[in-house]
$ cat my_file_32.cif   # mmCIF, C-alpha atoms and all ligand atoms
data_entry
#
loop_
_atom_site.group_PDB
_atom_site.id
_atom_site.type_symbol
_atom_site.label_atom_id
_atom_site.label_comp_id
_atom_site.auth_asym_id
_atom_site.auth_seq_id
_atom_site.Cartn_x
_atom_site.Cartn_y
_atom_site.Cartn_z
ATOM 1 C CA MET A 1 0.000 0.000 0.000
ATOM 2 C CA GLU A 2 1.233 3.514 -0.848
ATOM 3 C CA LEU A 3 1.494 6.155 1.874
ATOM 4 C CA GLU A 4 -1.492 8.069 0.477
ATOM 5 C CA ASP A 5 -3.680 4.960 0.829
ATOM 6 C CA TYR A 6 -3.072 4.928 4.594
ATOM 7 C CA GLY A 7 -4.502 8.462 4.669
ATOM 8 C CA LYS A 8 -7.818 7.058 3.384
ATOM 9 C CA LEU A 9 -8.248 4.816 6.433
ATOM 10 C CA THR A 10 -10.082 5.947 9.574
ATOM 11 C CA ASN A 11 -8.185 6.393 12.829
ATOM 12 C CA ALA A 12 -9.916 3.270 14.167
ATOM 13 C CA GLU A 13 -8.739 1.237 11.144
ATOM 14 C CA LEU A 14 -5.245 2.653 11.458
ATOM 15 C CA GLY A 15 -5.207 1.875 15.196
ATOM 16 C CA GLU A 16 -6.220 -1.750 14.587
ATOM 17 C CA ARG A 17 -3.622 -2.147 11.865
ATOM 18 C CA LEU A 18 -0.969 -0.640 14.096
ATOM 19 C CA SER A 19 -1.814 -2.995 16.980
ATOM 20 C CA ARG A 20 -1.534 -6.016 14.677
ATOM 21 C CA LEU A 21 1.769 -4.815 13.216
ATOM 22 C CA LYS A 22 3.181 -4.123 16.667
ATOM 23 C CA ARG A 23 2.366 -7.668 17.750
ATOM 24 C CA GLU A 24 3.721 -9.254 14.551
ATOM 25 C CA LYS A 25 6.964 -7.272 14.582
ATOM 26 C CA ASN A 26 7.382 -6.928 18.357
ATOM 27 C CA ALA A 27 7.526 -3.162 17.929
ATOM 28 C CA VAL A 28 7.278 -0.273 20.357
ATOM 29 C CA ILE A 29 6.140 3.246 19.464
ATOM 30 C CA LEU A 30 8.037 5.983 21.280
ATOM 31 C CA GLY A 31 6.729 9.541 20.936
ATOM 32 C CA HIS A 32 8.081 12.921 21.901
ATOM 33 C CA ASN A 33 5.838 15.263 23.890
ATOM 34 C CA TYR A 34 5.534 17.649 20.893
ATOM 35 C CA GLN A 35 3.917 15.109 18.573
ATOM 36 C CA ILE A 36 0.404 15.798 17.271
ATOM 37 C CA GLU A 37 -2.353 14.348 19.418
ATOM 38 C CA ASP A 38 -3.211 11.432 17.059
ATOM 39 C CA VAL A 39 0.374 10.246 17.374
ATOM 40 C CA GLN A 40 0.583 10.868 21.116
ATOM 41 C CA LEU A 41 -2.513 8.681 21.510
ATOM 42 C CA VAL A 42 -0.955 5.640 19.805
ATOM 43 C CA ALA A 43 2.495 5.968 21.382
ATOM 44 C CA ASP A 44 3.333 3.263 23.920
ATOM 45 C CA HIS A 45 5.401 5.841 25.761
ATOM 46 C CA LEU A 46 5.640 9.617 25.579
ATOM 47 C CA GLY A 47 8.596 11.499 26.948
ATOM 48 C CA ASP A 48 11.228 14.164 26.798
ATOM 49 C CA SER A 49 14.540 13.495 25.057
ATOM 50 C CA LEU A 50 16.074 11.881 28.131
ATOM 51 C CA ARG A 51 13.124 9.564 28.760
ATOM 52 C CA LEU A 52 13.004 8.517 25.093
ATOM 53 C CA ALA A 53 16.728 7.694 25.159
ATOM 54 C CA GLN A 54 16.322 5.666 28.362
ATOM 55 C CA LEU A 55 13.317 3.801 26.961
ATOM 56 C CA ALA A 56 15.176 3.029 23.737
ATOM 57 C CA ALA A 57 18.187 1.763 25.665
ATOM 58 C CA GLU A 58 16.068 -0.525 27.846
ATOM 59 C CA THR A 59 13.425 -1.872 25.465
ATOM 60 C CA ASP A 60 12.941 -5.581 24.746
ATOM 61 C CA ALA A 61 11.143 -4.781 21.498
ATOM 62 C CA ASP A 62 12.854 -5.730 18.231
ATOM 63 C CA VAL A 63 11.665 -2.617 16.439
ATOM 64 C CA ILE A 64 11.442 0.994 17.631
ATOM 65 C CA VAL A 65 9.314 3.515 15.753
ATOM 66 C CA LEU A 66 10.515 6.885 16.971
ATOM 67 C CA CYS A 67 7.926 9.608 16.494
ATOM 68 C CA GLY A 68 9.920 12.775 16.960
ATOM 69 C CA VAL A 69 12.875 14.178 15.056
ATOM 70 C CA ASP A 70 16.003 12.678 13.544
ATOM 71 C CA PHE A 71 18.421 13.001 16.457
ATOM 72 C CA MET A 72 15.989 11.138 18.726
ATOM 73 C CA ALA A 73 15.813 8.185 16.339
ATOM 74 C CA GLU A 74 19.601 8.277 16.000
ATOM 75 C CA SER A 75 20.022 8.238 19.781
ATOM 76 C CA ALA A 76 17.769 5.168 19.963
ATOM 77 C CA LYS A 77 19.920 3.360 17.383
ATOM 78 C CA ILE A 78 23.170 4.475 19.033
ATOM 79 C CA LEU A 79 22.063 3.129 22.409
ATOM 80 C CA ASN A 80 20.469 -0.084 21.174
ATOM 81 C CA PRO A 81 22.145 -1.025 17.880
ATOM 82 C CA SER A 82 20.695 -4.524 17.607
ATOM 83 C CA LYS A 83 17.194 -3.037 17.239
ATOM 84 C CA ARG A 84 15.766 -1.726 14.011
ATOM 85 C CA VAL A 85 14.812 1.926 14.413
ATOM 86 C CA PHE A 86 12.432 3.764 12.090
ATOM 87 C CA LEU A 87 11.765 7.488 11.785
ATOM 88 C CA PRO A 88 8.393 7.764 9.998
ATOM 89 C CA ASN A 89 9.266 10.982 8.177
ATOM 90 C CA GLU A 90 12.812 11.587 6.952
ATOM 91 C CA GLN A 91 12.035 15.302 6.746
ATOM 92 C CA ALA A 92 11.508 15.422 10.515
ATOM 93 C CA THR A 93 14.828 17.004 11.379
ATOM 94 C CA CYS A 94 15.865 19.416 14.121
ATOM 95 C CA PRO A 95 17.179 22.677 12.639
ATOM 96 C CA MET A 96 19.224 23.339 15.776
ATOM 97 C CA ALA A 97 21.005 19.991 15.464
ATOM 98 C CA ALA A 98 22.074 21.039 11.959
ATOM 99 C CA MET A 99 23.790 24.165 13.345
ATOM 100 C CA VAL A 100 27.003 22.330 14.213
ATOM 101 C CA THR A 101 28.951 19.843 12.110
ATOM 102 C CA PRO A 102 31.672 17.472 13.350
ATOM 103 C CA GLU A 103 34.251 19.294 11.218
ATOM 104 C CA GLU A 104 33.350 22.669 12.734
ATOM 105 C CA LEU A 105 33.384 21.241 16.234
ATOM 106 C CA THR A 106 36.739 19.514 15.730
ATOM 107 C CA GLY A 107 38.226 22.802 14.479
ATOM 108 C CA PHE A 108 36.784 24.664 17.468
ATOM 109 C CA LYS A 109 38.118 22.055 19.905
ATOM 110 C CA SER A 110 41.651 22.562 18.627
ATOM 111 C CA LYS A 111 41.415 26.225 19.739
ATOM 112 C CA HIS A 112 40.430 25.183 23.285
ATOM 113 C CA PRO A 113 42.605 22.136 23.960
ATOM 114 C CA GLY A 114 41.857 21.934 27.706
ATOM 115 C CA ALA A 115 38.083 22.082 27.357
ATOM 116 C CA ALA A 116 35.639 19.183 27.591
ATOM 117 C CA VAL A 117 32.888 19.020 24.966
ATOM 118 C CA VAL A 118 29.349 18.693 26.262
ATOM 119 C CA SER A 119 26.886 18.231 23.443
ATOM 120 C CA TYR A 120 23.148 18.607 23.802
ATOM 121 C CA VAL A 121 21.373 15.504 22.496
ATOM 122 C CA ASN A 122 19.968 17.766 19.773
ATOM 123 C CA THR A 123 23.037 17.000 17.639
ATOM 124 C CA SER A 124 23.906 14.509 14.913
ATOM 125 C CA ALA A 125 25.522 11.157 15.732
ATOM 126 C CA ALA A 126 28.706 12.465 14.091
ATOM 127 C CA VAL A 127 28.836 15.451 16.457
ATOM 128 C CA LYS A 128 28.189 13.184 19.458
ATOM 129 C CA ALA A 129 31.088 11.044 18.244
ATOM 130 C CA VAL A 130 33.500 13.973 18.735
ATOM 131 C CA SER A 131 32.009 14.969 22.110
ATOM 132 C CA ASP A 132 32.988 13.877 25.614
ATOM 133 C CA VAL A 133 29.498 13.636 27.057
ATOM 134 C CA CYS A 134 25.930 14.452 26.049
ATOM 135 C CA CYS A 135 23.208 16.144 28.046
ATOM 136 C CA THR A 136 19.512 16.855 27.700
ATOM 137 C CA SER A 137 17.456 19.806 28.885
ATOM 138 C CA SER A 138 16.677 17.902 32.091
ATOM 139 C CA ASN A 139 20.259 17.183 33.138
ATOM 140 C CA ALA A 140 22.476 19.836 31.479
ATOM 141 C CA VAL A 141 23.323 21.522 34.784
ATOM 142 C CA GLU A 142 24.289 18.237 36.473
ATOM 143 C CA VAL A 143 26.389 17.141 33.476
ATOM 144 C CA VAL A 144 28.249 20.460 33.350
ATOM 145 C CA ARG A 145 28.848 20.353 37.106
ATOM 146 C CA GLY A 146 29.963 16.747 36.912
ATOM 147 C CA VAL A 147 32.620 16.849 34.195
ATOM 148 C CA GLU A 148 36.162 17.166 35.534
ATOM 149 C CA GLU A 149 37.290 20.033 33.324
ATOM 150 C CA ASP A 150 36.654 23.634 34.401
ATOM 151 C CA GLU A 151 36.336 24.760 30.791
ATOM 152 C CA ILE A 152 33.499 23.393 28.679
ATOM 153 C CA ILE A 153 32.607 23.783 25.032
ATOM 154 C CA PHE A 154 28.824 23.526 24.956
ATOM 155 C CA VAL A 155 27.116 22.786 21.628
ATOM 156 C CA PRO A 156 24.881 23.750 19.933
ATOM 157 C CA ASP A 157 22.322 25.653 22.057
ATOM 158 C CA ARG A 158 23.584 29.043 23.269
ATOM 159 C CA ASN A 159 20.523 29.448 25.510
ATOM 160 C CA LEU A 160 20.907 26.104 27.270
ATOM 161 C CA ALA A 161 24.623 26.918 27.573
ATOM 162 C CA ALA A 162 23.778 30.245 29.249
ATOM 163 C CA TYR A 163 21.354 28.500 31.606
ATOM 164 C CA ALA A 164 23.972 25.894 32.597
ATOM 165 C CA ALA A 165 26.563 28.674 33.020
ATOM 166 C CA SER A 166 24.226 30.546 35.367
ATOM 167 C CA LYS A 167 23.992 27.477 37.613
ATOM 168 C CA THR A 168 27.674 26.518 37.775
ATOM 169 C CA ASP A 169 31.122 28.080 38.279
ATOM 170 C CA LYS A 170 32.458 26.464 35.113
ATOM 171 C CA LYS A 171 33.692 28.486 32.175
ATOM 172 C CA ILE A 172 31.251 27.678 29.389
ATOM 173 C CA ILE A 173 32.240 28.379 25.804
ATOM 174 C CA PRO A 174 28.911 28.351 23.956
ATOM 175 C CA TRP A 175 28.230 27.495 20.345
ATOM 176 C CA ASP A 176 25.965 30.006 18.621
ATOM 177 C CA GLY A 177 23.070 27.663 17.866
ATOM 178 C CA TYR A 178 19.461 27.996 18.969
ATOM 179 C CA CYS A 179 16.017 26.454 18.674
ATOM 180 C CA TYR A 180 13.873 28.820 16.622
ATOM 181 C CA VAL A 181 10.736 27.774 18.532
ATOM 182 C CA HIS A 182 12.042 28.731 21.995
ATOM 183 C CA ASP A 183 14.444 31.475 20.931
ATOM 184 C CA ASN A 184 11.434 33.447 19.704
ATOM 185 C CA PHE A 185 10.081 33.910 23.241
ATOM 186 C CA VAL A 186 10.690 37.416 24.580
ATOM 187 C CA ALA A 187 10.405 38.908 28.078
ATOM 188 C CA GLU A 188 7.204 40.727 26.985
ATOM 189 C CA ASP A 189 5.546 37.329 26.433
ATOM 190 C CA VAL A 190 6.095 36.627 30.128
ATOM 191 C CA GLU A 191 4.781 40.076 31.155
ATOM 192 C CA LEU A 192 1.698 39.690 28.944
ATOM 193 C CA ALA A 193 0.990 36.190 30.255
ATOM 194 C CA ARG A 194 1.318 37.378 33.858
ATOM 195 C CA GLY A 195 -1.098 40.204 33.069
ATOM 196 C CA GLU A 196 -3.626 37.839 31.527
ATOM 197 C CA HIS A 197 -3.347 35.177 34.236
ATOM 198 C CA PRO A 198 -2.441 36.960 37.467
ATOM 199 C CA GLY A 199 -0.857 34.723 40.102
ATOM 200 C CA VAL A 200 -0.410 31.754 37.756
ATOM 201 C CA PRO A 201 3.166 30.387 37.788
ATOM 202 C CA ILE A 202 5.209 30.283 34.580
ATOM 203 C CA VAL A 203 7.478 27.456 33.507
ATOM 204 C CA VAL A 204 9.783 27.848 30.520
ATOM 205 C CA HIS A 205 12.072 25.511 28.665
ATOM 206 C CA PRO A 206 15.826 26.200 29.061
ATOM 207 C CA GLU A 207 16.130 26.567 25.267
ATOM 208 C CA SER A 208 14.517 29.994 25.834
ATOM 209 C CA PRO A 209 16.619 33.186 25.898
ATOM 210 C CA PRO A 210 18.185 34.170 29.263
ATOM 211 C CA GLU A 211 15.826 37.124 29.863
ATOM 212 C CA VAL A 212 12.835 34.796 29.516
ATOM 213 C CA VAL A 213 14.390 32.143 31.764
ATOM 214 C CA GLU A 214 15.192 34.781 34.388
ATOM 215 C CA SER A 215 11.646 36.118 34.462
ATOM 216 C CA ALA A 216 9.968 32.699 34.802
ATOM 217 C CA ASP A 217 9.113 30.857 38.027
ATOM 218 C CA TYR A 218 10.372 27.470 36.864
ATOM 219 C CA VAL A 219 12.719 26.107 34.202
ATOM 220 C CA ALA A 220 12.116 22.526 33.084
ATOM 221 C CA SER A 221 12.341 19.974 30.301
ATOM 222 C CA THR A 222 9.068 18.954 28.691
ATOM 223 C CA SER A 223 8.599 15.999 31.045
ATOM 224 C CA GLY A 224 9.561 18.261 33.953
ATOM 225 C CA MET A 225 6.703 20.509 32.834
ATOM 226 C CA VAL A 226 4.249 17.599 32.942
ATOM 227 C CA LYS A 227 5.337 16.948 36.553
ATOM 228 C CA LEU A 228 4.762 20.613 37.392
ATOM 229 C CA GLY A 229 1.332 20.322 35.783
ATOM 230 C CA ALA A 230 0.502 17.638 38.316
ATOM 231 C CA GLU A 231 1.408 20.026 41.136
ATOM 232 C CA HIS A 232 -0.445 23.172 40.007
ATOM 233 C CA ASP A 233 -4.101 23.832 39.143
ATOM 234 C CA GLU A 234 -3.016 26.402 36.571
ATOM 235 C CA LEU A 235 0.269 26.877 34.751
ATOM 236 C CA ILE A 236 1.624 29.062 31.945
ATOM 237 C CA VAL A 237 3.732 26.810 29.754
ATOM 238 C CA GLY A 238 6.649 28.211 27.761
ATOM 239 C CA THR A 239 7.402 25.557 25.215
ATOM 240 C CA GLU A 240 6.094 23.998 21.993
ATOM 241 C CA VAL A 241 2.294 23.867 22.154
ATOM 242 C CA GLY A 242 2.048 20.106 21.552
ATOM 243 C CA LEU A 243 3.013 19.506 25.151
ATOM 244 C CA ILE A 244 -0.104 21.318 26.334
ATOM 245 C CA GLU A 245 -2.272 18.753 24.520
ATOM 246 C CA ARG A 246 -0.667 16.038 26.615
ATOM 247 C CA MET A 247 -1.109 18.050 29.822
ATOM 248 C CA ASN A 248 -4.774 18.816 29.065
ATOM 249 C CA ARG A 249 -5.412 15.136 28.460
ATOM 250 C CA GLU A 250 -3.658 13.982 31.609
ATOM 251 C CA PHE A 251 -5.093 16.697 33.869
ATOM 252 C CA PRO A 252 -8.471 17.637 32.323
ATOM 253 C CA GLU A 253 -9.613 19.469 35.450
ATOM 254 C CA LYS A 254 -6.654 21.899 35.300
ATOM 255 C CA SER A 255 -5.879 24.934 33.117
ATOM 256 C CA PHE A 256 -2.685 25.303 31.105
ATOM 257 C CA TYR A 257 -1.947 28.369 29.022
ATOM 258 C CA PRO A 258 0.680 28.589 26.278
ATOM 259 C CA LEU A 259 3.256 31.348 26.751
ATOM 260 C CA SER A 260 2.811 31.829 23.015
ATOM 261 C CA ALA A 261 0.306 30.080 20.763
ATOM 262 C CA PHE A 262 2.836 30.528 17.938
ATOM 263 C CA ALA A 263 5.420 28.210 19.503
ATOM 264 C CA ILE A 264 5.139 25.411 16.963
ATOM 265 C CA CYS A 265 7.962 23.151 15.815
ATOM 266 C CA ARG A 266 7.128 22.490 12.178
ATOM 267 C CA THR A 267 9.217 19.348 11.847
ATOM 268 C CA MET A 268 7.710 17.799 14.979
ATOM 269 C CA LYS A 269 4.358 18.026 13.180
ATOM 270 C CA LEU A 270 5.488 16.101 10.083
ATOM 271 C CA THR A 271 4.540 12.752 11.581
ATOM 272 C CA ASP A 272 0.889 11.785 11.505
ATOM 273 C CA LEU A 273 -0.981 8.564 12.237
ATOM 274 C CA PRO A 274 -1.116 7.237 8.633
ATOM 275 C CA ARG A 275 2.631 7.764 8.414
ATOM 276 C CA VAL A 276 3.324 5.884 11.647
ATOM 277 C CA VAL A 277 1.398 2.854 10.409
ATOM 278 C CA TRP A 278 2.979 3.109 6.934
ATOM 279 C CA ALA A 279 6.442 3.337 8.498
ATOM 280 C CA LEU A 280 6.024 0.215 10.586
ATOM 281 C CA GLU A 281 4.371 -1.808 7.821
ATOM 282 C CA ASN A 282 6.896 -0.787 5.141
ATOM 283 C CA GLU A 283 9.905 -0.465 7.476
ATOM 284 C CA GLU A 284 10.655 3.135 6.577
ATOM 285 C CA HIS A 285 12.887 5.117 7.179
ATOM 286 C CA GLU A 286 15.459 2.939 8.809
ATOM 287 C CA ILE A 287 18.217 4.579 10.830
ATOM 288 C CA ASP A 288 21.657 3.329 9.905
ATOM 289 C CA ILE A 289 24.796 4.783 11.475
ATOM 290 C CA PRO A 290 28.340 3.745 10.509
ATOM 291 C CA GLU A 291 29.720 1.644 13.378
ATOM 292 C CA ASP A 292 32.802 3.776 14.072
ATOM 293 C CA ILE A 293 30.580 6.855 14.535
ATOM 294 C CA ARG A 294 27.907 4.949 16.438
ATOM 295 C CA SER A 295 30.313 3.442 18.957
ATOM 296 C CA ARG A 296 31.988 6.765 19.712
ATOM 297 C CA ALA A 297 28.626 8.520 19.975
ATOM 298 C CA GLU A 298 27.461 5.746 22.307
ATOM 299 C CA GLY A 299 30.335 6.583 24.648
ATOM 300 C CA ALA A 300 29.111 10.178 24.988
ATOM 301 C CA LEU A 301 25.468 9.138 25.468
ATOM 302 C CA GLN A 302 26.248 6.326 27.917
ATOM 303 C CA ARG A 303 28.427 8.668 29.975
ATOM 304 C CA MET A 304 25.397 10.918 30.320
ATOM 305 C CA LEU A 305 23.082 8.058 31.306
ATOM 306 C CA GLU A 306 25.515 6.594 33.833
ATOM 307 C CA PHE A 307 26.181 9.966 35.250
ATOM 308 C CA VAL A 308 22.707 11.460 35.590
ATOM 309 C CA GLY A 309 20.302 9.056 33.908
HETATM 310 P P1 LIG A 401 12.962 17.935 25.898
HETATM 311 O O1 LIG A 401 11.673 17.246 25.587
HETATM 312 O O2 LIG A 401 14.059 16.971 26.173
HETATM 313 O O3 LIG A 401 12.777 18.933 26.999
HETATM 314 O O4 LIG A 401 13.438 18.729 24.603
HETATM 315 C C1 LIG A 401 12.702 19.684 23.986
HETATM 316 C C2 LIG A 401 13.036 19.786 22.561
HETATM 317 O O5 LIG A 401 13.106 20.841 22.011
HETATM 318 C C3 LIG A 401 13.244 18.559 21.829
HETATM 319 O O6 LIG A 401 13.552 18.826 20.553
HETATM 320 FE FE1 LIG A 402 14.695 21.210 17.334
HETATM 321 FE FE2 LIG A 402 13.459 23.188 18.645
HETATM 322 FE FE3 LIG A 402 12.037 21.580 17.118
HETATM 323 FE FE4 LIG A 402 13.092 20.676 19.405
HETATM 324 S S1 LIG A 402 11.515 22.244 19.201
HETATM 325 S S2 LIG A 402 13.100 19.640 17.419
HETATM 326 S S3 LIG A 402 15.007 21.823 19.458
HETATM 327 S S4 LIG A 402 13.654 22.981 16.436
#

$ encode --input "my_file_32.cif" --output "structure tokens"
Amino acid sequence: MELEDYGKLTNAELGERLSRLKREKNAVILGHNYQIEDVQLVADHLGDSLRLAQLAAETDADVIVLCGVDFMAESAKILNPSKRVFLPNEQATCPMAAMVTPEELTGFKSKHPGAAVVSYVNTSAAVKAVSDVCCTSSNAVEVVRGVEEDEIIFVPDRNLAAYAASKTDKKIIPWDGYCYVHDNFVAEDVELARGEHPGVPIVVHPESPPEVVESADYVASTSGMVKLGAEHDELIVGTEVGLIERMNREFPEKSFYPLSAFAICRTMKLTDLPRVVWALENEEHEIDIPEDIRSRAEGALQRMLEFVG
């Protein structure tokens, strides 16, 4: 069946087909918190980047369908190479991850010979392979504090680098990358939201600019935000709006407000339910990483998991 034919099926038909395929292929569907609701609903597990990496590393399934963006599927393959990993849409890439190449990073490292390289998981496998340790938004501060070196090259997110720098005494040398979704938040968004929802706490993602982070009440990864949702009756949420769909579903009696309704990651929305079923049935698009890159990237990811997993 062609991809377009899957689009002609109802969600119920697609759901049944997916359940059968999952059984036949011993597959697990992992979904990031920013996925569209139809995909969130069929995921066996939803999570932030750290949780998805942990789940991929631990799974007994033979096949992982990673509904998110490219670096997440790559991390799954890096950590569990005997599994087959599929990313339903090859176009689902993270623009921030493309802001640093291994060649650029290697050149930069040679100018700072004493520095350790901490790379955000939002990087390619090849960049991880030339890094000392990875981090996610939920453990960046602990990773930076934990590495031996006092000087750290932090790639690629300048905002997460600034946040980690504000929480440690280390000298952080940031790369000039950013996530366009979070970098677009401005301090006025926080002021406006406080005006509209007086007394309601604000949580923002650490990919946001420093002035936004400083004016918020909490800073958290997407799964950290879900935990905060459990603790508050109302919350202003400064991240990609897909997360709010998950929070509304899990806590229907509570009220969550987006810091900006325009915070949409276009590539996170490129995976829909027909595509997930098509991907599993047709085994598309398989992640394949050359072993020398994979094994070196695994070192950086495993160091993170052992350290602050
Ligand atoms: P987390 O879900 O790990 O917080 O990351 C957010 C993000 O931007 C992923 O691309
Ligand atoms: Fe990349 Fe930002 Fe989209 Fe996450 S939200 S995938 S960091 S562009």

$ residues_around --input "my_file_32.cif" --residues "Asp132 (chain A)" --least-positions-apart "4" --cutoff "7 Å" --atoms "only C-alpha atoms" --output "number ranges by chain"
A: 116-118, 300

$ residues_near_ligand --input "my_file_32.cif" --ligand "ligand LIG 401 (chain A)" --cutoff "9 Å" --atoms "all atoms listed in the file" --output "VMD selection string"
chain A and resid 32 to 34 47 to 52 68 to 69 71 to 72 94 96 121 to 122 136 to 138 179 181 to 182 205 to 207 220 to 225 239 to 240 243 265 268

$ write_last_selection --input "my_file_32.cif" --atoms "C-alpha atoms" --output "compact mmCIF listing (two decimals), in the coordinates of the input"
# COMPACT_ATOMS: atom_id res chain seq x y z
CA HIS A 32 8.08 12.92 21.90
CA ASN A 33 5.84 15.26 23.89
CA TYR A 34 5.53 17.65 20.89
CA GLY A 47 8.60 11.50 26.95
CA ASP A 48 11.23 14.16 26.80
CA SER A 49 14.54 13.50 25.06
CA LEU A 50 16.07 11.88 28.13
CA ARG A 51 13.12 9.56 28.76
CA LEU A 52 13.00 8.52 25.09
CA GLY A 68 9.92 12.78 16.96
CA VAL A 69 12.88 14.18 15.06
CA PHE A 71 18.42 13.00 16.46
CA MET A 72 15.99 11.14 18.73
CA CYS A 94 15.86 19.42 14.12
CA MET A 96 19.22 23.34 15.78
CA VAL A 121 21.37 15.50 22.50
CA ASN A 122 19.97 17.77 19.77
CA THR A 136 19.51 16.86 27.70
CA SER A 137 17.46 19.81 28.88
CA SER A 138 16.68 17.90 32.09
CA CYS A 179 16.02 26.45 18.67
CA VAL A 181 10.74 27.77 18.53
CA HIS A 182 12.04 28.73 22.00
CA HIS A 205 12.07 25.51 28.66
CA PRO A 206 15.83 26.20 29.06
CA GLU A 207 16.13 26.57 25.27
CA ALA A 220 12.12 22.53 33.08
CA SER A 221 12.34 19.97 30.30
CA THR A 222 9.07 18.95 28.69
CA SER A 223 8.60 16.00 31.04
CA GLY A 224 9.56 18.26 33.95
CA MET A 225 6.70 20.51 32.83
CA THR A 239 7.40 25.56 25.22
CA GLU A 240 6.09 24.00 21.99
CA LEU A 243 3.01 19.51 25.15
CA CYS A 265 7.96 23.15 15.82
CA MET A 268 7.71 17.80 14.98

$ residues_around --input "my_file_32.cif" --residues "Ser75 (chain A)" --least-positions-apart "4" --cutoff "9 Å" --atoms "all atoms listed in the file" --output "number ranges by chain"
A: 52-53, 56-57, 70-71, 79-80, 121, 124-125, 297-298, 301

$ atom_distance --input "my_file_32.cif" --atom1 "CA of Ser19 (chain A)" --atom2 "CA of Thr59 (chain A)"
17.5 Å

$ resolve_selection --input "my_file_32.cif" --expression "the PyMOL selection byres (((chain A and resi 173) around 7) and not hetatm)" --output "PDB file with C-alpha atoms, in the coordinates of the input"
ATOM      1  CA  ILE A 152      33.499  23.393  28.679  1.00  0.00           C
ATOM      2  CA  ILE A 153      32.607  23.783  25.032  1.00  0.00           C
ATOM      3  CA  PHE A 154      28.824  23.526  24.956  1.00  0.00           C
ATOM      4  CA  LYS A 171      33.692  28.486  32.175  1.00  0.00           C
ATOM      5  CA  ILE A 172      31.251  27.678  29.389  1.00  0.00           C
ATOM      6  CA  PRO A 174      28.911  28.351  23.956  1.00  0.00           C
ATOM      7  CA  TRP A 175      28.230  27.495  20.345  1.00  0.00           C
TER       8      TRP A 175
END

$ atom_distance --input "my_file_32.cif" --atom1 "CA of Pro274 (chain A)" --atom2 "CA of Ala12 (chain A)"
11.1 Å

$ resolve_selection --input "my_file_32.cif" --expression "the PyMOL selection byres (((chain A and resi 97-106) around 6) and not hetatm)" --output "list in words"
Cys94, Pro95, Met96, Gly107, Phe108, Lys109, Asn122, Thr123, Ala126, Val127 and Gly177 of chain A

$ atom_distance --input "my_file_32.cif" --atom1 "CA of Arg194 (chain A)" --atom2 "CA of Val226 (chain A)"
20.0 Å

$ axis_aligned_box --input "my_file_32.cif" --around "ligand LIG 402 (chain A)" --padding-each-side "4 Å" --output "lines of an AutoDock Vina configuration file"
center_x = 13.3
center_y = 21.4
center_z = 17.9
size_x = 11.5
size_y = 11.5
size_z = 11.0

$ closest_residue --input "my_file_32.cif" --among "A:Ser260, A:Ser208, A:Thr267, A:Ser119" --to "Asp183 (chain A)" --atoms "only C-alpha atoms"
A:Ser208

$ resolve_selection --input "my_file_32.cif" --expression "the PyMOL selection byres (((chain A and resi 302-305) around 8) and not hetatm)" --output "list in words"
Gln54, Leu79, Val133, Cys134, Cys135, Val143, Glu298, Gly299, Ala300, Leu301, Glu306, Phe307, Val308 and Gly309 of chain A

$ closest_residue --input "my_file_32.cif" --among "A:Ala73, A:Val63, A:Val39, A:Val219" --to "ligand LIG 402 (chain A)" --atoms "only C-alpha atoms and all ligand atoms"
A:Ala73

$ closest_residue --input "my_file_32.cif" --among "A:His45, A:Arg275, A:Arg249, A:Lys269" --to "Met1 (chain A)" --atoms "all atoms listed in the file"
A:Arg275

$ closest_residue --input "my_file_32.cif" --among "A:Cys67, A:Ala43, A:Leu3, A:Ala193" --to "ligand LIG 402 (chain A)" --atoms "all atoms listed in the file"
A:Cys67

$ closest_residue --input "my_file_32.cif" --among "A:Val190, A:Ile244, A:Leu273, A:Ala92" --to "ligand LIG 402 (chain A)" --atoms "only C-alpha atoms and all ligand atoms"
A:Ala92

$ closest_residue --input "my_file_32.cif" --among "A:His232, A:Arg294, A:Lys227, A:Arg158" --to "ligand LIG 402 (chain A)" --atoms "only C-alpha atoms and all ligand atoms"
A:Arg158
